file data25.txt (compact mmCIF, C-alpha atoms)
# COMPACT_ATOMS: atom_id res chain seq x y z
CA MET A 54 136.71 102.76 54.65
CA SER A 55 134.88 99.43 54.28
CA ILE A 56 132.01 98.46 56.58
CA LEU A 57 134.17 95.76 58.16
CA SER A 58 137.02 98.18 58.91
CA PHE A 59 134.62 100.71 60.35
CA TRP A 60 133.06 98.00 62.50
CA LEU A 61 136.48 97.01 63.85
CA GLU A 62 137.24 100.64 64.66
CA ILE A 63 133.99 100.85 66.62
CA ILE A 64 134.91 97.73 68.61
CA LEU A 65 138.31 99.15 69.53
CA PHE A 66 136.70 102.42 70.50
CA LEU A 67 134.19 100.56 72.68
CA ILE A 68 137.04 98.78 74.45
CA ASP A 69 138.79 102.08 75.18
CA VAL A 70 135.62 103.69 76.50
CA SER A 71 134.77 100.61 78.56
CA LEU A 72 138.18 100.75 80.23
CA LEU A 73 137.57 104.39 81.12
CA VAL A 74 134.17 103.58 82.59
CA ILE A 75 135.58 100.63 84.55
CA GLY A 76 138.33 102.84 85.92
CA PHE A 77 135.79 105.50 86.69
CA ARG A 78 133.79 103.04 88.83
CA THR A 79 136.82 101.97 90.90
CA LYS A 80 137.99 103.56 94.11
CA ASN A 81 140.71 105.42 92.26
CA LEU A 82 139.95 108.82 93.80
CA THR A 83 142.88 110.42 91.98
CA LEU A 84 141.29 109.59 88.59
CA ARG A 85 137.92 110.88 89.76
CA LYS A 86 139.40 114.14 90.97
CA MET A 87 141.17 114.60 87.64
CA LEU A 88 137.84 114.55 85.78
CA THR A 89 135.33 117.37 85.95
CA LYS A 90 131.58 116.78 85.86
CA ARG A 91 131.58 117.88 82.25
CA GLN A 92 134.23 115.30 81.41
CA HIS A 93 132.21 112.65 83.26
CA PHE A 94 129.19 113.53 81.15
CA ILE A 95 131.21 113.44 77.92
CA ILE A 96 132.57 109.96 78.73
CA LEU A 97 129.10 108.64 79.54
CA LEU A 98 127.60 110.19 76.41
CA THR A 99 130.45 108.81 74.30
CA PHE A 100 129.84 105.33 75.68
CA ILE A 101 126.11 105.53 74.87
CA ILE A 102 126.88 106.70 71.32
CA ALA A 103 129.40 103.89 70.89
CA VAL A 104 126.83 101.27 71.98
CA PHE A 105 124.26 102.75 69.60
CA ALA A 106 126.82 102.70 66.77
CA PHE A 107 127.66 99.07 67.53
CA VAL A 108 123.99 98.03 67.32
CA THR A 109 123.49 100.03 64.11
CA ILE A 110 126.55 98.56 62.40
CA SER A 111 125.50 95.04 63.41
CA SER A 112 122.10 95.63 61.80
CA ILE A 113 123.74 96.95 58.63
CA LEU A 114 125.96 93.88 58.44
CA LYS A 115 122.93 91.62 58.87
CA ILE A 116 121.07 93.42 56.09
CA THR A 117 124.15 93.22 53.87
CA ARG A 118 124.40 89.50 54.54
CA ASN A 119 120.73 89.02 53.66
CA ASP A 120 121.24 91.00 50.44
CA ASN A 121 123.73 88.33 49.40
CA THR A 122 121.15 85.55 49.70
CA LEU A 123 118.48 84.40 47.27
CA GLN A 124 115.14 82.67 47.50
CA CYS A 125 113.75 79.71 45.61
CA THR A 126 110.03 79.59 44.86
CA ILE A 127 108.61 76.26 43.71
CA TYR A 128 105.15 75.98 42.15
CA VAL A 129 103.58 72.51 42.15
CA THR A 130 101.29 71.71 39.22
CA SER A 131 99.41 68.53 38.34
CA ILE A 132 99.29 67.34 34.74
CA THR A 133 96.09 65.42 35.48
CA GLU A 134 93.19 67.04 33.66
CA ASN A 135 90.79 69.02 35.88
CA ASP A 136 92.75 68.12 39.01
CA GLU A 137 91.67 70.63 41.66
CA SER A 138 93.00 68.61 44.58
CA VAL A 139 94.71 70.27 47.53
CA PHE A 140 98.22 68.84 47.63
CA LYS A 141 99.11 67.54 51.08
CA GLY A 142 102.81 66.97 51.49
CA GLU A 143 106.21 68.56 51.40
CA ILE A 144 109.04 69.57 49.11
CA ILE A 145 112.56 68.40 49.93
CA ILE A 146 115.44 70.38 48.44
CA ASP A 147 119.20 69.88 48.77
CA PHE A 148 121.69 72.73 48.40
CA GLY A 149 125.04 70.99 48.57
CA HIS A 150 125.05 69.13 51.89
CA ASP A 151 122.27 71.30 53.33
CA ARG A 152 118.73 69.91 53.21
CA ASP A 153 115.57 71.96 53.70
CA ILE A 154 112.01 70.64 53.93
CA LYS A 155 108.86 72.75 53.72
CA GLU A 156 105.14 72.03 53.61
CA ILE A 157 103.24 72.89 50.43
CA GLY A 158 101.05 75.95 50.94
CA SER A 159 97.38 76.30 50.09
CA ASP A 160 98.40 78.14 46.90
CA LYS A 161 100.38 75.03 45.83
CA SER A 162 103.74 76.72 46.25
CA VAL A 163 106.75 76.62 48.56
CA ILE A 164 109.30 79.37 49.25
CA PHE A 165 112.83 78.62 50.47
CA ASN A 166 114.55 81.73 51.83
CA GLU A 167 118.13 82.84 52.59
CA ILE A 168 119.87 80.60 50.07
CA PRO A 169 123.58 81.50 49.79
CA ASN A 170 124.45 83.21 46.52
CA LYS A 171 127.20 80.63 45.92
CA PHE A 172 124.56 78.10 44.83
CA LYS A 173 123.42 80.25 41.91
CA GLY A 174 124.03 78.34 38.68
CA GLU A 175 124.50 75.05 40.55
CA LYS A 176 122.46 71.86 40.18
CA ILE A 177 120.00 71.26 43.01
CA ASN A 178 118.18 68.10 44.00
CA ILE A 179 114.40 68.36 44.47
CA LYS A 180 112.20 65.57 45.82
CA THR A 181 108.56 65.38 46.84
CA ASN A 182 106.56 63.62 49.50
CA ILE A 183 102.99 64.30 48.38
CA SER A 184 100.19 61.93 49.30
CA GLY A 185 98.92 60.17 46.17
CA TYR A 186 101.30 61.91 43.75
CA ASP A 187 104.63 61.26 42.04
CA LEU A 188 106.97 63.49 40.07
CA VAL A 189 106.33 63.29 36.33
CA ASN A 190 110.09 63.09 35.74
CA PRO A 191 111.91 61.97 38.92
CA GLU A 192 115.28 62.20 37.14
CA GLU A 193 114.83 65.81 36.03
CA GLU A 194 117.73 68.09 36.99
CA PHE A 195 117.22 71.68 38.07
CA ILE A 196 119.66 74.58 37.86
CA PHE A 197 119.17 77.17 40.59
CA THR A 198 119.00 80.68 39.12
CA GLY A 199 116.76 82.42 41.64
CA ASP A 200 113.83 82.23 39.22
CA PRO A 201 110.67 80.24 40.10
CA ILE A 202 110.73 76.49 39.47
CA TYR A 203 107.63 74.73 38.18
CA LEU A 204 107.40 71.17 39.45
CA LYS A 205 105.10 68.83 37.52
CA ILE A 206 103.44 65.96 39.34
CA ARG A 207 100.90 63.31 38.46
CA LYS A 208 98.69 61.03 40.48
CA GLU A 209 100.55 57.95 41.64
CA ILE A 210 100.19 55.31 38.92
CA LYS A 211 99.62 52.50 41.42
CA LEU A 212 96.43 54.24 42.55
CA GLY A 213 94.84 53.25 39.24
CA ASN A 214 95.66 49.56 39.39
CA ILE A 215 93.00 47.13 40.61
CA LYS A 216 93.60 43.40 40.67
CA GLY A 217 92.41 40.23 42.32
CA TYR A 218 90.33 37.13 41.66
CA VAL A 219 86.74 35.93 42.02
CA ILE A 220 85.82 32.52 43.41
CA ASP A 221 82.70 30.55 44.28
CA GLU A 222 82.01 31.00 47.99
CA PHE A 223 81.42 27.29 48.66
CA SER A 224 83.38 25.35 46.03
CA ASN A 225 86.33 27.78 45.90
CA ASP A 226 86.34 27.39 42.12
CA TYR A 227 87.68 30.36 40.17
CA LEU A 228 84.86 32.06 38.27
CA VAL A 229 85.37 33.01 34.63
CA ASN A 230 83.84 35.97 32.81
CA VAL A 231 82.61 37.72 35.95
CA LYS A 232 81.55 41.30 35.22
CA ILE A 233 83.16 43.93 37.44
CA MET A 234 81.94 47.51 37.14
CA VAL A 235 84.23 50.13 38.70
CA GLU A 236 82.56 53.32 39.96
CA SER A 237 79.66 52.83 37.48
CA ASP A 238 82.11 53.84 34.78
CA THR A 239 84.56 51.15 33.70
CA ILE A 240 83.72 47.48 33.09
CA ILE A 241 86.25 44.63 33.22
CA TYR A 242 85.89 40.83 33.23
CA THR A 243 87.74 38.01 34.92
CA ASP A 244 89.92 35.87 32.65
CA SER A 245 90.07 32.10 32.23
CA SER A 246 91.77 31.84 35.63
CA GLY A 247 89.12 33.89 37.39
CA ARG A 248 91.51 36.82 37.80
CA TYR A 249 91.13 40.49 36.98
CA ASN A 250 93.82 43.10 36.53
CA ALA A 251 93.17 46.54 35.06
CA MET A 252 94.74 49.98 34.92
CA LEU A 253 92.09 52.66 35.22
CA PRO A 254 92.29 56.05 33.49
CA GLU A 255 94.03 58.73 35.52
CA THR A 256 90.86 60.82 35.76
CA MET A 257 89.37 58.09 37.97
CA TYR A 258 92.25 57.94 40.44
CA PRO A 259 91.30 58.64 44.06
CA ILE A 260 93.10 61.41 45.94
CA ASN A 261 95.16 58.96 48.01
CA ASP A 262 95.35 55.34 49.13
CA ARG A 263 92.85 55.97 51.95
CA ASP A 264 90.09 56.51 49.41
CA TYR A 265 88.55 53.57 47.61
CA TYR A 266 86.75 52.39 44.49
CA ILE A 267 83.29 50.87 44.55
CA LEU A 268 83.17 47.58 42.63
CA ARG A 269 79.92 46.00 41.49
CA ILE A 270 80.49 42.29 40.82
CA SER A 271 77.90 40.26 38.92
CA LYS A 272 77.54 36.93 37.11
CA ASP A 273 74.55 34.96 35.90
CA GLY A 274 73.40 32.54 38.59
CA TYR A 275 75.14 34.46 41.39
CA ILE A 276 74.07 37.17 43.82
CA THR A 277 75.45 40.56 42.81
CA GLU A 278 77.92 42.01 45.32
CA ARG A 279 79.25 45.50 46.01
CA LYS A 280 82.77 45.77 47.41
CA ARG A 281 85.23 48.48 48.35
CA TYR A 282 88.63 48.29 46.76
CA PHE A 283 91.45 50.25 48.40
CA PRO A 284 94.34 51.21 46.10
CA LEU A 285 97.72 49.65 46.91
CA SER A 286 95.95 46.90 48.88
CA GLY A 287 97.21 44.18 46.55
CA LYS A 288 95.14 41.37 45.09
CA GLN A 289 91.62 41.28 46.48
CA GLU A 290 89.66 38.07 46.83
CA ILE A 291 85.98 38.33 45.99
CA ARG A 292 83.58 35.50 46.86
CA LEU A 293 80.24 35.13 45.10
CA ARG A 294 77.31 33.12 46.36
CA LYS A 295 75.01 31.22 44.03
CA GLU A 296 71.43 32.42 43.94
CA THR A 297 70.20 28.91 44.72
CA SER A 298 72.47 28.49 47.73
CA LYS A 299 70.79 27.81 51.07
CA HIS A 300 72.15 29.25 54.32

call {"tool": "encode", "arguments": {"input": "data25.txt", "output": "structure tokens"}}
result
Amino acid sequence: MSILSFWLEIILFLIDVSLLVIGFRTKNLTLRKMLTKRQHFIILLTFIIAVFAFVTISSILKITRNDNTLQCTIYVTSITENDESVFKGEIIIDFGHDRDIKEIGSDKSVIFNEIPNKFKGEKINIKTNISGYDLVNPEEEFIFTGDPIYLKIRKEIKLGNIKGYVIDEFSNDYLVNVKIMVESDTIIYTDSSGRYNAMLPETMYPINDRDYYILRISKDGYITERKRYFPLSGKQEIRLRKETSKH
């Protein structure tokens, strides 16, 4: 007999016993007189056993249902060299029309539980929402097998782009060949239009757009300035004051 058939038999048995108990609690004195104390005890004991069996079978069915589900473990790894950052964000995964979202754990992994077995071998859509990071290959397709998935990310490219222009504070003239040192590491110069635009190496990227670069701006005849540059802030205007200027 299958578990389902046995479960149905238990339900029918419970109904029969319940009817006996209900009748037993009525004012039907004839029925009461027909039953001895021993029979009363047997009916009550049978009812208790039936309830216990019902709870047990329900638990077995739940376990059986869980045995037919899988889990998907996703490990998030950065391709940026020596990147020991703690990833703050979430993984978004679609199984058919069902979407699940989970926060990335401190061990840089996410576990999705109780995935129906019917999705095994199917394509699944995985997206990320991680501060300061993008997927290395956003178009990559994943086949769900129940095995761990390793998701590669890299620092958001826009975090490494700094751009703007430098002008004279009083004349508003664009200044050419202004030296801009970024984080005491990289040096760039303004072009013939007084503009600068550079893509920094990935190892210099800040963790997110709330961090900033320190720029040291200098040119002969002008007072050297230090400015903060926030990634994704767009073009930044820098004004330099001549050393001979009077205030």

call {"tool": "residues_around", "arguments": {"input": "data25.txt", "residues": "region 152-159 of chain A", "least_positions_apart": "6", "cutoff": "8 Å", "atoms": "all atoms listed in the file", "output": "VMD selection string"}}
result
chain A and resid 139 to 146 165

call {"tool": "residues_around", "arguments": {"input": "data25.txt", "residues": "region 192-195 of chain A", "least_positions_apart": "3", "cutoff": "12 Å", "atoms": "all atoms listed in the file", "output": "PyMOL selection string"}}
result
chain A and resi 125+127+146-148+172-180+187-189+198-206

call {"tool": "closest_atom_pairs", "arguments": {"input": "data25.txt", "of": "region 169-286 of chain A", "to": "region 290-299 of chain A", "cutoff": "7 Å", "atoms": "only C-alpha atoms", "output": "CSV"}}
result
residue,atom,partner,partner_atom,distance
A:Gly217,CA,A:Glu290,CA,5.7
A:Tyr218,CA,A:Glu290,CA,5.3
A:Val219,CA,A:Ile291,CA,4.7
A:Ile220,CA,A:Arg292,CA,5.1
A:Asp221,CA,A:Leu293,CA,5.3
A:Glu222,CA,A:Arg292,CA,4.9
A:Gly274,CA,A:Glu296,CA,5.7
A:Tyr275,CA,A:Lys295,CA,4.2
A:Ile276,CA,A:Glu296,CA,5.4

call {"tool": "closest_residue", "arguments": {"input": "data25.txt", "among": "A:Lys161, A:Lys216, A:Arg248, A:Lys211", "to": "Ser131 (chain A)", "atoms": "all atoms listed in the file"}}
result
A:Lys161

call {"tool": "atom_distance", "arguments": {"input": "data25.txt", "atom1": "CA of Asp151 (chain A)", "atom2": "CA of Pro169 (chain A)"}}
result
10.9 Å

call {"tool": "atom_distance", "arguments": {"input": "data25.txt", "atom1": "CA of Lys208 (chain A)", "atom2": "CA of Ser286 (chain A)"}}
result
16.7 Å

call {"tool": "closest_residue", "arguments": {"input": "data25.txt", "among": "A:Tyr266, A:Tyr128, A:Tyr227, A:Tyr258", "to": "Lys280 (chain A)", "atoms": "only C-alpha atoms"}}
result
A:Tyr266

call {"tool": "atom_distance", "arguments": {"input": "data25.txt", "atom1": "CA of Tyr249 (chain A)", "atom2": "CA of Tyr282 (chain A)"}}
result
12.8 Å

call {"tool": "closest_residue", "arguments": {"input": "data25.txt", "among": "A:Ile270, A:Met257, A:Val231, A:Ile102", "to": "Thr133 (chain A)", "atoms": "only C-alpha atoms"}}
result
A:Met257

call {"tool": "closest_residue", "arguments": {"input": "data25.txt", "among": "A:Met252, A:Ile233, A:Leu212, A:Leu268", "to": "Ser184 (chain A)", "atoms": "all atoms listed in the file"}}
result
A:Leu212

call {"tool": "decode", "arguments": {"input": "data25.txt", "residues": "region 214-229 of chain A", "atoms": "N, CA and C atoms", "output": "PDB file, in the first residue's frame"}}
result
ATOM      1  N   ASN A 214      36.759  55.406 -13.190  1.00  0.00           N
ATOM      2  CA  ASN A 214      36.813  56.516 -14.142  1.00  0.00           C
ATOM      3  C   ASN A 214      36.751  57.863 -13.419  1.00  0.00           C
ATOM      4  N   ILE A 215      37.770  58.693 -13.640  1.00  0.00           N
ATOM      5  CA  ILE A 215      37.749  60.056 -13.104  1.00  0.00           C
ATOM      6  C   ILE A 215      37.840  61.020 -14.282  1.00  0.00           C
ATOM      7  N   LYS A 216      37.050  62.073 -14.216  1.00  0.00           N
ATOM      8  CA  LYS A 216      37.032  63.024 -15.329  1.00  0.00           C
ATOM      9  C   LYS A 216      36.562  64.390 -14.846  1.00  0.00           C
ATOM     10  N   GLY A 217      36.953  65.404 -15.592  1.00  0.00           N
ATOM     11  CA  GLY A 217      36.556  66.759 -15.239  1.00  0.00           C
ATOM     12  C   GLY A 217      37.404  67.767 -15.990  1.00  0.00           C
ATOM     13  N   TYR A 218      37.525  68.956 -15.439  1.00  0.00           N
ATOM     14  CA  TYR A 218      38.322  70.000 -16.085  1.00  0.00           C
ATOM     15  C   TYR A 218      38.859  70.945 -15.016  1.00  0.00           C
ATOM     16  N   VAL A 219      39.941  71.648 -15.374  1.00  0.00           N
ATOM     17  CA  VAL A 219      40.598  72.568 -14.447  1.00  0.00           C
ATOM     18  C   VAL A 219      40.579  73.962 -15.074  1.00  0.00           C
ATOM     19  N   ILE A 220      40.157  74.952 -14.286  1.00  0.00           N
ATOM     20  CA  ILE A 220      40.090  76.322 -14.794  1.00  0.00           C
ATOM     21  C   ILE A 220      40.743  77.287 -13.807  1.00  0.00           C
ATOM     22  N   ASP A 221      41.097  78.452 -14.330  1.00  0.00           N
ATOM     23  CA  ASP A 221      41.630  79.527 -13.494  1.00  0.00           C
ATOM     24  C   ASP A 221      40.478  80.102 -12.674  1.00  0.00           C
ATOM     25  N   GLU A 222      40.690  80.265 -11.376  1.00  0.00           N
ATOM     26  CA  GLU A 222      39.614  80.676 -10.478  1.00  0.00           C
ATOM     27  C   GLU A 222      39.018  82.032 -10.851  1.00  0.00           C
ATOM     28  N   PHE A 223      39.836  82.946 -11.366  1.00  0.00           N
ATOM     29  CA  PHE A 223      39.350  84.301 -11.634  1.00  0.00           C
ATOM     30  C   PHE A 223      39.012  84.538 -13.100  1.00  0.00           C
ATOM     31  N   SER A 224      39.855  84.033 -14.005  1.00  0.00           N
ATOM     32  CA  SER A 224      39.612  84.293 -15.434  1.00  0.00           C
ATOM     33  C   SER A 224      38.688  83.263 -16.077  1.00  0.00           C
ATOM     34  N   ASN A 225      38.505  82.117 -15.401  1.00  0.00           N
ATOM     35  CA  ASN A 225      37.711  81.002 -15.930  1.00  0.00           C
ATOM     36  C   ASN A 225      38.317  80.386 -17.193  1.00  0.00           C
ATOM     37  N   ASP A 226      39.589  80.672 -17.433  1.00  0.00           N
ATOM     38  CA  ASP A 226      40.273  80.053 -18.570  1.00  0.00           C
ATOM     39  C   ASP A 226      40.593  78.596 -18.239  1.00  0.00           C
ATOM     40  N   TYR A 227      40.468  77.731 -19.244  1.00  0.00           N
ATOM     41  CA  TYR A 227      40.832  76.330 -19.051  1.00  0.00           C
ATOM     42  C   TYR A 227      42.351  76.223 -18.984  1.00  0.00           C
ATOM     43  N   LEU A 228      42.848  75.462 -18.021  1.00  0.00           N
ATOM     44  CA  LEU A 228      44.285  75.348 -17.802  1.00  0.00           C
ATOM     45  C   LEU A 228      44.822  74.059 -18.426  1.00  0.00           C
ATOM     46  N   VAL A 229      45.867  74.223 -19.218  1.00  0.00           N
ATOM     47  CA  VAL A 229      46.478  73.109 -19.946  1.00  0.00           C
ATOM     48  C   VAL A 229      47.657  72.544 -19.155  1.00  0.00           C
TER      49      VAL A 229
END
